[in-house]
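Q: First, the structure itself, so that you have it in front of you.
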Amino acid sequence: MIAAMDQRADTFEARRREFAAFLRSRRERLTPSEVGLPEGFRRRTPGLRRELAMLAGVGTTWYTWLEQGRDIRPSAQVLNALADALRLDEAERRHLFTLNNRHVPQAVSSAPECVDEPLQRMLANLTHQPAYVLGRRWDVLAWNRAAEVLFGGYDTLDRDERNIMHRLFADPAHRRLLVDWESVARVSLAMFRADSARYAGDPDFERLIALLKQASDEFRDWWQRHEVISPLSGIKRIDHPVKGRMSFEHTGLTLTNRPEMKLIVYTPLDDDDTNRKLAELLT
């Protein structure tokens, strides 16, 4: 136990040193104009430490202690202010937070969602693994052919109908596909609720939730229980109308460059002769 505590202390110390060096390197690349000083301005002590501290809303001495690697644990608000003052890009901002063992606060966006071409190509090349991309509201934004032959076409569905929660609770044909519908629906709702907390009060989310409460007694009852869980992988058993019982392992992957999106991949298992059945559906 003592050894583990010593290891944690060494880790914190190493991160403080790295954080201090990172701050210094990013401060030293700033120009006077970026901190509101006229071009050609020269200070007796180079580096613009005082001006940077003022921009970040912290004391110069306190900021100097950060650059010295002292045992100070700035809040997320202060880290954001420092990142803004230092003109950090997104990768640098994440690095700043990681060195302080904090998560970067995610900005809530309502902009239209678009799946970029590299991800579209990757989906198309997952020829024997049904896969799709979910947006922030769990709308299916893109999919591959294997997903179509397994779950049915998406092109004819409007946005609400392509939503995973809508398909689970308000689409009888999709509900019949799922052998273990109740357990899948309960777990999915709890994960969706945890995800949607970031968008509390968003009109688009509120409209979808109201629609599902009207469409499904189960959704209305379970939503009132406020159950939340972290994302899970697991087995999903499908009762396909043509090929019958099929079993898949499903995995959800958050996209690094688009954290509001998820790639969901279904890997066919040997159970129920799933690989052969999927191959026949694809041909």
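Quick note on naming: the chains in the structure tokens go A, B, ... in the order shown, residues restart at 1 in each chain, and ligands are numbered from 1 in order of appearance.
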Which parts of segment 133-166 of chain A does DSSP call alpha helix (DSSP H) when run on the backbone here, written out as an NGL selection string?

A: :A and (145-151 or 164-166)

Q: Please provide as a list in words all residues within 9 Å of segment 193-208 of chain A, with the sequence filter that same-chain residues fewer than 2 positions apart are discarded (counting only C-alpha atoms).

A: Gln106, Val108, Ser109, Ser110, Arg136, Arg137, Asp160, Met165, His166, Ser188, Leu189, Ala190, Met191, Ala210, Leu211, Leu212, Lys213, Trp223, His226, Glu227, Val228, Ile229, Ser230 and Pro231 of chain A

Q: Mind checking which residues fall within 9 Å of segment 239-255 of chain A, counting only C-alpha atoms, ignoring those fewer than 2 positions away in the same chain, and posting them as a VMD selection string?

A: chain A and resid 150 to 151 176 to 179 231 to 237 257 to 275 277 to 278 280 to 281

Q: Could those residues be written to a file, using N, CA, C and O atoms, as a short mmCIF file (atom, residue, chain, number, x, y, z; two decimals), in the first residue's frame?

A:
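Generated file (selection33.cif):
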data_model
loop_
_atom_site.label_atom_id
_atom_site.label_comp_id
_atom_site.auth_asym_id
_atom_site.auth_seq_id
_atom_site.Cartn_x
_atom_site.Cartn_y
_atom_site.Cartn_z
N LEU A 150 -29.30 -6.39 -41.95
CA LEU A 150 -29.64 -6.92 -40.63
C LEU A 150 -30.84 -6.21 -40.02
O LEU A 150 -31.77 -6.84 -39.52
N PHE A 151 -30.84 -4.87 -40.08
CA PHE A 151 -31.86 -4.08 -39.37
C PHE A 151 -32.90 -3.46 -40.29
O PHE A 151 -33.84 -2.83 -39.82
N ARG A 176 -39.57 -6.53 -32.76
CA ARG A 176 -39.67 -7.98 -32.99
C ARG A 176 -38.33 -8.60 -33.35
O ARG A 176 -38.11 -9.79 -33.16
N LEU A 177 -37.41 -7.79 -33.89
CA LEU A 177 -36.08 -8.30 -34.24
C LEU A 177 -35.29 -8.72 -33.00
O LEU A 177 -34.44 -9.60 -33.08
N LEU A 178 -35.52 -8.07 -31.88
CA LEU A 178 -34.66 -8.24 -30.70
C LEU A 178 -35.21 -9.35 -29.81
O LEU A 178 -36.28 -9.22 -29.21
N VAL A 179 -34.45 -10.43 -29.70
CA VAL A 179 -34.88 -11.57 -28.90
C VAL A 179 -35.04 -11.17 -27.44
O VAL A 179 -36.00 -11.55 -26.78
N PRO A 231 -21.66 3.41 -20.80
CA PRO A 231 -21.79 2.57 -22.02
C PRO A 231 -21.27 1.16 -21.80
O PRO A 231 -20.26 0.95 -21.11
N LEU A 232 -21.98 0.19 -22.37
CA LEU A 232 -21.63 -1.22 -22.21
C LEU A 232 -21.51 -1.89 -23.58
O LEU A 232 -22.20 -1.53 -24.52
N SER A 233 -20.61 -2.87 -23.65
CA SER A 233 -20.61 -3.79 -24.78
C SER A 233 -21.38 -5.04 -24.35
O SER A 233 -21.63 -5.24 -23.17
N GLY A 234 -21.75 -5.87 -25.31
CA GLY A 234 -22.49 -7.07 -24.92
C GLY A 234 -22.94 -7.87 -26.12
O GLY A 234 -22.53 -7.61 -27.25
N ILE A 235 -23.79 -8.84 -25.87
CA ILE A 235 -24.31 -9.72 -26.92
C ILE A 235 -25.73 -9.28 -27.28
O ILE A 235 -26.54 -9.00 -26.40
N LYS A 236 -25.99 -9.22 -28.56
CA LYS A 236 -27.34 -8.90 -29.02
C LYS A 236 -27.82 -10.03 -29.92
O LYS A 236 -27.16 -10.36 -30.92
N ARG A 237 -28.95 -10.61 -29.57
CA ARG A 237 -29.51 -11.71 -30.35
C ARG A 237 -30.66 -11.18 -31.20
O ARG A 237 -31.56 -10.52 -30.70
N ASN A 257 -12.12 12.65 -32.68
CA ASN A 257 -12.25 14.00 -33.22
C ASN A 257 -13.69 14.51 -33.22
O ASN A 257 -13.93 15.68 -33.49
N ARG A 258 -14.65 13.62 -32.91
CA ARG A 258 -16.06 14.03 -32.82
C ARG A 258 -16.68 13.33 -31.61
O ARG A 258 -17.41 12.35 -31.75
N PRO A 259 -16.36 13.78 -30.39
CA PRO A 259 -16.77 13.04 -29.19
C PRO A 259 -18.28 12.94 -29.00
O PRO A 259 -18.74 12.13 -28.20
N GLU A 260 -19.05 13.75 -29.73
CA GLU A 260 -20.51 13.65 -29.61
C GLU A 260 -21.05 12.51 -30.48
O GLU A 260 -22.25 12.20 -30.42
N MET A 261 -20.20 11.88 -31.28
CA MET A 261 -20.62 10.78 -32.14
C MET A 261 -20.07 9.45 -31.63
O MET A 261 -19.04 9.42 -30.96
N LYS A 262 -20.76 8.37 -31.98
CA LYS A 262 -20.30 7.02 -31.61
C LYS A 262 -20.38 6.11 -32.84
O LYS A 262 -21.33 6.19 -33.62
N LEU A 263 -19.38 5.25 -32.97
CA LEU A 263 -19.41 4.20 -33.98
C LEU A 263 -19.85 2.91 -33.30
O LEU A 263 -19.22 2.46 -32.34
N ILE A 264 -20.93 2.32 -33.75
CA ILE A 264 -21.45 1.08 -33.19
C ILE A 264 -21.19 -0.04 -34.19
O ILE A 264 -21.60 0.04 -35.35
N VAL A 265 -20.50 -1.08 -33.72
CA VAL A 265 -20.12 -2.19 -34.59
C VAL A 265 -20.66 -3.50 -34.02
O VAL A 265 -20.53 -3.77 -32.82
N TYR A 266 -21.27 -4.31 -34.90
CA TYR A 266 -21.80 -5.63 -34.53
C TYR A 266 -20.91 -6.70 -35.16
O TYR A 266 -20.83 -6.80 -36.39
N THR A 267 -20.26 -7.49 -34.33
CA THR A 267 -19.38 -8.55 -34.81
C THR A 267 -20.13 -9.88 -34.75
O THR A 267 -20.56 -10.29 -33.66
N PRO A 268 -20.30 -10.56 -35.89
CA PRO A 268 -21.04 -11.84 -35.87
C PRO A 268 -20.29 -12.90 -35.07
O PRO A 268 -19.07 -13.01 -35.14
N LEU A 269 -21.04 -13.68 -34.30
CA LEU A 269 -20.48 -14.74 -33.48
C LEU A 269 -20.70 -16.10 -34.14
O LEU A 269 -21.52 -16.23 -35.07
N ASP A 270 -20.02 -17.11 -33.64
CA ASP A 270 -20.22 -18.47 -34.17
C ASP A 270 -21.59 -19.03 -33.77
O ASP A 270 -22.12 -19.91 -34.45
N ASP A 271 -22.15 -18.51 -32.66
CA ASP A 271 -23.45 -18.99 -32.21
C ASP A 271 -24.50 -18.80 -33.30
O ASP A 271 -24.48 -17.80 -34.04
N ASP A 272 -25.43 -19.74 -33.37
CA ASP A 272 -26.57 -19.66 -34.29
C ASP A 272 -26.15 -19.59 -35.76
O ASP A 272 -26.92 -19.12 -36.61
N ASP A 273 -24.91 -20.01 -36.05
CA ASP A 273 -24.42 -20.02 -37.44
C ASP A 273 -24.52 -18.63 -38.07
O ASP A 273 -24.86 -18.46 -39.25
N THR A 274 -24.21 -17.64 -37.24
CA THR A 274 -24.45 -16.24 -37.64
C THR A 274 -23.59 -15.81 -38.82
O THR A 274 -24.06 -15.10 -39.72
N ASN A 275 -22.32 -16.22 -38.85
CA ASN A 275 -21.44 -15.80 -39.95
C ASN A 275 -21.99 -16.25 -41.30
O ASN A 275 -22.02 -15.47 -42.27
N LYS A 277 -25.13 -17.06 -42.07
CA LYS A 277 -26.39 -16.39 -42.36
C LYS A 277 -26.18 -14.95 -42.84
O LYS A 277 -26.84 -14.49 -43.78
N LEU A 278 -25.26 -14.27 -42.17
CA LEU A 278 -24.99 -12.87 -42.59
C LEU A 278 -24.39 -12.86 -43.99
O LEU A 278 -24.76 -12.00 -44.82
N GLU A 280 -24.90 -14.92 -46.38
CA GLU A 280 -25.96 -15.19 -47.35
C GLU A 280 -26.85 -13.96 -47.55
O GLU A 280 -27.28 -13.67 -48.67
N LEU A 281 -27.11 -13.23 -46.47
CA LEU A 281 -27.90 -12.01 -46.61
C LEU A 281 -27.18 -10.98 -47.47
O LEU A 281 -27.79 -10.25 -48.26
#

Q: Got a sec: who's within 9 Å of Glu28 of chain A, counting only C-alpha atoms, leaving out chain neighbours fewer than 2 positions off, as a list in words?

A: Leu23, Arg24, Ser25, Arg26, Leu30, Thr31, Pro46, Gly47, Leu48 and Arg49 of chain A

Q: Nearest to Thr283 of chain A: which of A:Glu67, A:Ala146, A:Asp139, A:Gln214 is it, counting only C-alpha atoms?

A: A:Ala146

Q: Could you state the separation of atom CA of His128 of chain A and atom CA of Ala185 of chain A in Å, given to one decimal place?

A: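 Spanning atom CA of His128 of chain A to atom CA of Ala185 of chain A is a straight-line distance of 25.1 Å.
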
Q: For Val115 of chain A, list every protein, DNA or RNA residue within 9 Å, evaluated using only C-alpha atoms, and leave out those in the same chain fewer than 6 positions away; present the list as a list in words.

A: Val133, Leu141, Ala142 and Met261 of chain A

Q: Go ahead and write the residues just picked, N, CA and C atoms, as an mmCIF file, in the first residue's frame.

A:
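Below is the file again_39.cif, written as the result:
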data_model
loop_
_atom_site.group_PDB
_atom_site.id
_atom_site.type_symbol
_atom_site.label_atom_id
_atom_site.label_comp_id
_atom_site.auth_asym_id
_atom_site.auth_seq_id
_atom_site.Cartn_x
_atom_site.Cartn_y
_atom_site.Cartn_z
ATOM 1 N N VAL A 133 -23.144 4.956 -37.407
ATOM 2 C CA VAL A 133 -22.662 6.082 -36.597
ATOM 3 C C VAL A 133 -23.864 6.773 -35.966
ATOM 4 N N LEU A 141 -26.748 8.385 -38.249
ATOM 5 C CA LEU A 141 -26.304 9.368 -39.240
ATOM 6 C C LEU A 141 -25.736 8.715 -40.494
ATOM 7 N N ALA A 142 -25.124 7.542 -40.332
ATOM 8 C CA ALA A 142 -24.529 6.829 -41.465
ATOM 9 C C ALA A 142 -24.496 5.348 -41.121
ATOM 10 N N MET A 261 -20.200 11.879 -31.284
ATOM 11 C CA MET A 261 -20.621 10.779 -32.141
ATOM 12 C C MET A 261 -20.067 9.451 -31.628
#

Q: Just checking: using only C-alpha atoms, which residue out of A:Ser183, A:Thr156, A:Asn163, A:Thr64 ends up closest to Leu134 of chain A?

A: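 Nearest candidate to Leu134 of chain A out of A:Ser183, A:Thr156, A:Asn163, A:Thr64: A:Asn163.
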
Q: For Val58 of chain A, find every residue with an atom within 10 Å (counting only C-alpha atoms), except residues of its own chain fewer than 6 positions away, and show them as a count of residues only.

A: 5

Q: Please provide as a ChimeraX atom specification all residues within 12 Å of Gly153 of chain A, with the sequence filter that same-chain residues fewer than 3 positions apart are discarded (counting only C-alpha atoms).

A: /A:140,142-150,156-158,161-162,174

Q: Generate a file of the selected residues that holds N, CA and C atoms, formatted as a CSV table (one decimal), in the first residue's frame.

A:
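Now in out-v3.csv:
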chain,number,residue,atom,x,y,z
A,140,VAL,N,-29.3,7.7,-36.2
A,140,VAL,CA,-28.4,7.0,-37.0
A,140,VAL,C,-28.0,8.0,-38.2
A,142,ALA,N,-25.1,7.5,-40.3
A,142,ALA,CA,-24.5,6.8,-41.5
A,142,ALA,C,-24.5,5.3,-41.1
A,143,TRP,N,-24.5,4.5,-42.1
A,143,TRP,CA,-24.5,3.1,-41.9
A,143,TRP,C,-23.9,2.3,-43.1
A,144,ASN,N,-23.6,1.1,-42.9
A,144,ASN,CA,-23.1,0.3,-44.0
A,144,ASN,C,-24.2,-0.7,-44.5
A,145,ARG,N,-23.8,-1.4,-45.6
A,145,ARG,CA,-24.8,-2.4,-46.2
A,145,ARG,C,-25.2,-3.5,-45.2
A,146,ALA,N,-24.2,-4.0,-44.5
A,146,ALA,CA,-24.4,-5.1,-43.5
A,146,ALA,C,-25.5,-4.6,-42.5
A,147,ALA,N,-25.4,-3.4,-42.1
A,147,ALA,CA,-26.5,-2.9,-41.1
A,147,ALA,C,-27.8,-2.9,-41.8
A,148,GLU,N,-27.9,-2.5,-43.0
A,148,GLU,CA,-29.2,-2.5,-43.7
A,148,GLU,C,-29.8,-3.9,-43.8
A,149,VAL,N,-29.0,-4.9,-44.2
A,149,VAL,CA,-29.5,-6.3,-44.4
A,149,VAL,C,-29.9,-6.9,-43.0
A,150,LEU,N,-29.3,-6.4,-41.9
A,150,LEU,CA,-29.6,-6.9,-40.6
A,150,LEU,C,-30.8,-6.2,-40.0
A,156,THR,N,-35.5,5.2,-46.1
A,156,THR,CA,-36.9,5.6,-46.2
A,156,THR,C,-37.4,6.2,-44.8
A,157,LEU,N,-36.6,6.2,-43.8
A,157,LEU,CA,-37.0,6.6,-42.5
A,157,LEU,C,-36.6,8.1,-42.3
A,158,ASP,N,-37.5,8.9,-41.7
A,158,ASP,CA,-37.2,10.3,-41.3
A,158,ASP,C,-36.3,10.3,-40.1
A,161,GLU,N,-37.5,8.6,-36.9
A,161,GLU,CA,-37.6,7.1,-37.1
A,161,GLU,C,-36.3,6.4,-37.1
A,162,ARG,N,-35.2,7.2,-37.5
A,162,ARG,CA,-33.9,6.6,-37.5
A,162,ARG,C,-33.2,6.7,-36.2
A,174,HIS,N,-39.0,-3.3,-35.5
A,174,HIS,CA,-37.6,-3.4,-34.9
A,174,HIS,C,-37.7,-4.1,-33.6

Q: Which one of A:Pro74, A:Pro118, A:Gly152, A:Pro112 sits closest to Phe97 of chain A if you count only C-alpha atoms?

A: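 Distance minimum relative to Phe97 of chain A lands on A:Pro74.
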
Q: Would you work out the distance separating atom CA of Val184 of chain A from atom CA of Ala215 of chain A, expressed in Å to one decimal?

A: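 Here the two named atoms are 17.8 Å from each other.
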
Q: How many Å separate atom CA of His103 of chain A from atom CA of Asp84 of chain A?

A: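 Distance between the two atoms: 16.2 Å.
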